[in-house]
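One structure below.
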Amino acid sequence: MRGLLALGSVLLVLAASAASALGDSSFFEVDEEFHRRNRELLQEDGDYENPDDVEVSDDNGEDEDEGRPQEEPVYYSTEPSNGPTLFYDDTKNFLMEVKPGIVVNFYEAESNSSKPTAKVVLDQRATSVKGSMTSDRAFTINLEWKGTPMDSKFGNLRLESIMIKMTFLRTAKEWRLENLEASKTVVGGANLLDSQTQVKSSHGYKVTAPLGLTFCCADPGLFRPASAASGNRYKVGLSFPGLRLMAFDVPNTKFGPEWYCGEMMSIGLLVGILITLFFATICIYGFSMLASINTMDRFDDPKGKPIHVPLTE
């Protein structure tokens, strides 16, 4: 008992000394040299002037995202554009993008060769882009290059001017390219008469899409010349690489949802569907024949008169 009392008194003395030490700040005071060394280590690791400037991010990581560059919203200009890659008119009924530019293909008028004699890329801004509604359902756009000679592969000849005329027709559900021609073409000082081109490309594509959608085609092909005017030395064909085109009601120089070129149903898919329907018809016919078989519903009674089936030849 006395031992327990002595142990309790010793514990009380130690607690009192600890309490007095807590009240005195010198008990937990660290050497000033230790503070200095710790501060130098922090500056070497993080290049901070003061350890108090170190920011500790929370668990959600919100502080880490503050230093990242924010994506700026895309704004579309409503000003008309004359190319050479983007064309937009004042009427807001035509928007076209071509990369790297419209390609003019020249063919010998008297030759039936499918290989062009020369190609010229219209990589300069058009002189004017003018469009107008010719009727309630038709819209015509004129893209004209004039007074800016462009190098060609004719040798010493140059393409001095050209105007591309495009006519679009709007129906109840879609719009389409109805007419395409090159006019006011001057090559090496020689004027060419209007050259009509086909509206169906060499790849079999037609420029058409539902209303409000953008026709897109990375390689629509060549719009070959339909016929050569009498007196012309050359025929003109047009190519629109990387074509994106939207006609009628184009708001704020912004393309609508994309409508890609190509056939809705390829020949392979069509043949596969026909073969599947053929085999399905055979299976249905076979199952119907099996279902029409009547089973025997009369049997012999061992105690009765046997069934007699007459056989006639």
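Residues are referred to by chain and number: the chain letter is A, B, ... according to the order shown in the structure tokens, the number counts from 1 in that chain, and ligands are numbered separately from 1 in the order shown.
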
Item to check | alpha helix (DSSP H) call set, DSSP backbone run, stretch 238-289 of chain A, as a PyMOL selection string | outcome: chain A and resi 267-289

Checklist entry - Can you tell me, as number ranges by chain, what residues are no more than 6 Å from A:Ala126 when counting only C-alpha atoms, ignoring any on the same chain fewer than 3 positions away? => result A: 82, 144-145

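Taking atom CA of A:Leu213 and atom CA of A:Leu245 as the two end points, the separation is 8.9 Å.
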
Item to check | Minimum-distance residue to A:Tyr234, chosen among A:Asp136, A:Asp194, A:Glu174, A:Asp90 (using only C-alpha atoms) | outcome: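 Closest residue, counting only C-alpha atoms: A:Asp194.
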
Next on the checklist: Residues within 12 Å of A:Ser128, please, as a PyMOL selection string. Count only C-alpha atoms; anything in the same chain fewer than 5 positions from it doesn't count.
Outcome noted: chain A and resi 80-84+87-90+141-147+161-165

Next on the checklist: My list of candidates is A:Thr214, A:Thr197, A:Thr134, A:Thr127. Which is closest to A:Leu95 when distances are computed with only C-alpha atoms?
Outcome noted: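 Counting only C-alpha atoms, the residue closest to A:Leu95 is A:Thr214.
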
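Within 9 Å of A:Glu178, once only C-alpha atoms are used and residues closer than 3 positions along the same chain are dropped, the contacting residues are Ala138, Met166, Thr167, Phe168, Leu169, Val199 and Val207 of chain A.
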
Generate the output file for the selected residues, C-alpha atoms, as a compact mmCIF listing (two decimals), in the first residue's frame.
```txt
# COMPACT_ATOMS: atom_id res chain seq x y z
CA ALA A 138 -32.85 28.74 -107.13
CA MET A 166 -22.72 27.65 -109.58
CA THR A 167 -26.49 27.32 -109.43
CA PHE A 168 -28.24 25.54 -106.58
CA LEU A 169 -31.83 24.34 -106.45
CA VAL A 199 -22.73 18.22 -112.17
CA VAL A 207 -23.30 17.71 -104.71
```

Checklist entry - How many Å separate atom CA of A:Glu110 from atom CA of A:Gln196? => result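 Straight-line distance from atom CA of A:Glu110 to atom CA of A:Gln196 works out to 15.7 Å.
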
Item to check | All strand (DSSP E or B) positions in stretch 125-258 of chain A, as a VMD selection string | outcome: chain A and resid 128 to 133 138 to 151 158 to 170 174 to 187 190 to 192 195 to 197 200 206 208 to 210 214 to 217 222 to 223 225 234 to 239 243 to 247 258

Using the selection just defined, write its residues with C-alpha atoms as a compact mmCIF listing (two decimals), in the first residue's frame.
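The resulting file, again-v7.txt, is shown below:
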```
# COMPACT_ATOMS: atom_id res chain seq x y z
CA SER A 128 -15.51 39.04 -106.03
CA VAL A 129 -17.99 36.56 -104.62
CA LYS A 130 -21.54 37.54 -105.51
CA GLY A 131 -24.70 35.54 -105.03
CA SER A 132 -28.37 36.17 -105.66
CA MET A 133 -31.69 34.36 -105.59
CA ALA A 138 -32.85 28.74 -107.13
CA PHE A 139 -29.66 30.47 -105.98
CA THR A 140 -26.68 31.45 -108.16
CA ILE A 141 -23.17 32.28 -106.96
CA ASN A 142 -20.36 33.78 -109.08
CA LEU A 143 -16.73 33.33 -108.01
CA GLU A 144 -14.51 35.58 -110.13
CA TRP A 145 -10.74 35.90 -110.38
CA LYS A 146 -9.60 38.83 -112.49
CA GLY A 147 -6.41 40.79 -112.96
CA THR A 148 -4.24 38.39 -110.94
CA PRO A 149 -2.35 36.13 -113.39
CA MET A 150 -1.69 32.66 -112.02
CA ASP A 151 1.06 30.33 -113.19
CA ARG A 158 -1.05 32.18 -117.89
CA LEU A 159 -4.59 32.00 -116.55
CA GLU A 160 -5.49 35.68 -116.35
CA SER A 161 -9.14 35.54 -115.35
CA ILE A 162 -11.97 33.09 -114.78
CA MET A 163 -15.45 33.12 -113.28
CA ILE A 164 -17.00 29.98 -111.81
CA LYS A 165 -20.78 30.04 -111.83
CA MET A 166 -22.72 27.65 -109.58
CA THR A 167 -26.49 27.32 -109.43
CA PHE A 168 -28.24 25.54 -106.58
CA LEU A 169 -31.83 24.34 -106.45
CA ARG A 170 -33.81 23.90 -103.25
CA GLU A 174 -32.88 18.93 -99.87
CA TRP A 175 -30.66 21.21 -101.92
CA ARG A 176 -28.46 20.23 -104.87
CA LEU A 177 -26.00 21.65 -107.38
CA GLU A 178 -28.02 22.14 -110.56
CA ASN A 179 -25.51 23.86 -112.84
CA LEU A 180 -21.73 24.39 -112.93
CA GLU A 181 -19.81 26.29 -115.58
CA ALA A 182 -16.66 28.34 -116.18
CA SER A 183 -17.02 31.65 -118.00
CA LYS A 184 -14.97 34.77 -118.75
CA THR A 185 -11.87 32.60 -118.97
CA VAL A 186 -8.79 34.32 -120.39
CA VAL A 187 -5.68 32.21 -121.02
CA ALA A 190 -7.16 34.47 -125.53
CA ASN A 191 -10.78 34.54 -124.45
CA LEU A 192 -12.58 31.22 -124.04
CA SER A 195 -17.55 26.02 -120.77
CA GLN A 196 -20.30 23.91 -119.26
CA THR A 197 -19.27 21.14 -116.87
CA LYS A 200 -21.84 14.58 -111.53
CA LYS A 206 -23.50 14.67 -106.94
CA THR A 208 -26.51 17.41 -102.73
CA ALA A 209 -27.57 17.21 -99.09
CA PRO A 210 -30.70 17.63 -96.93
CA THR A 214 -23.21 20.39 -95.20
CA PHE A 215 -22.04 18.31 -98.14
CA CYS A 216 -18.54 16.97 -97.37
CA CYS A 217 -16.18 15.01 -99.58
CA LEU A 222 -13.33 15.84 -111.37
CA PHE A 223 -16.31 17.65 -112.81
CA PRO A 225 -16.45 19.44 -119.24
CA TYR A 234 -9.54 24.37 -124.57
CA LYS A 235 -12.26 22.73 -122.50
CA VAL A 236 -12.45 23.45 -118.80
CA GLY A 237 -13.04 20.97 -115.98
CA LEU A 238 -13.16 21.77 -112.25
CA SER A 239 -12.01 19.98 -109.11
CA LEU A 243 -14.90 20.09 -100.35
CA ARG A 244 -17.29 21.32 -97.66
CA LEU A 245 -20.32 23.13 -99.07
CA MET A 246 -23.58 24.40 -97.64
CA ALA A 247 -26.26 26.28 -99.56
CA GLU A 258 -21.93 17.01 -92.17
```
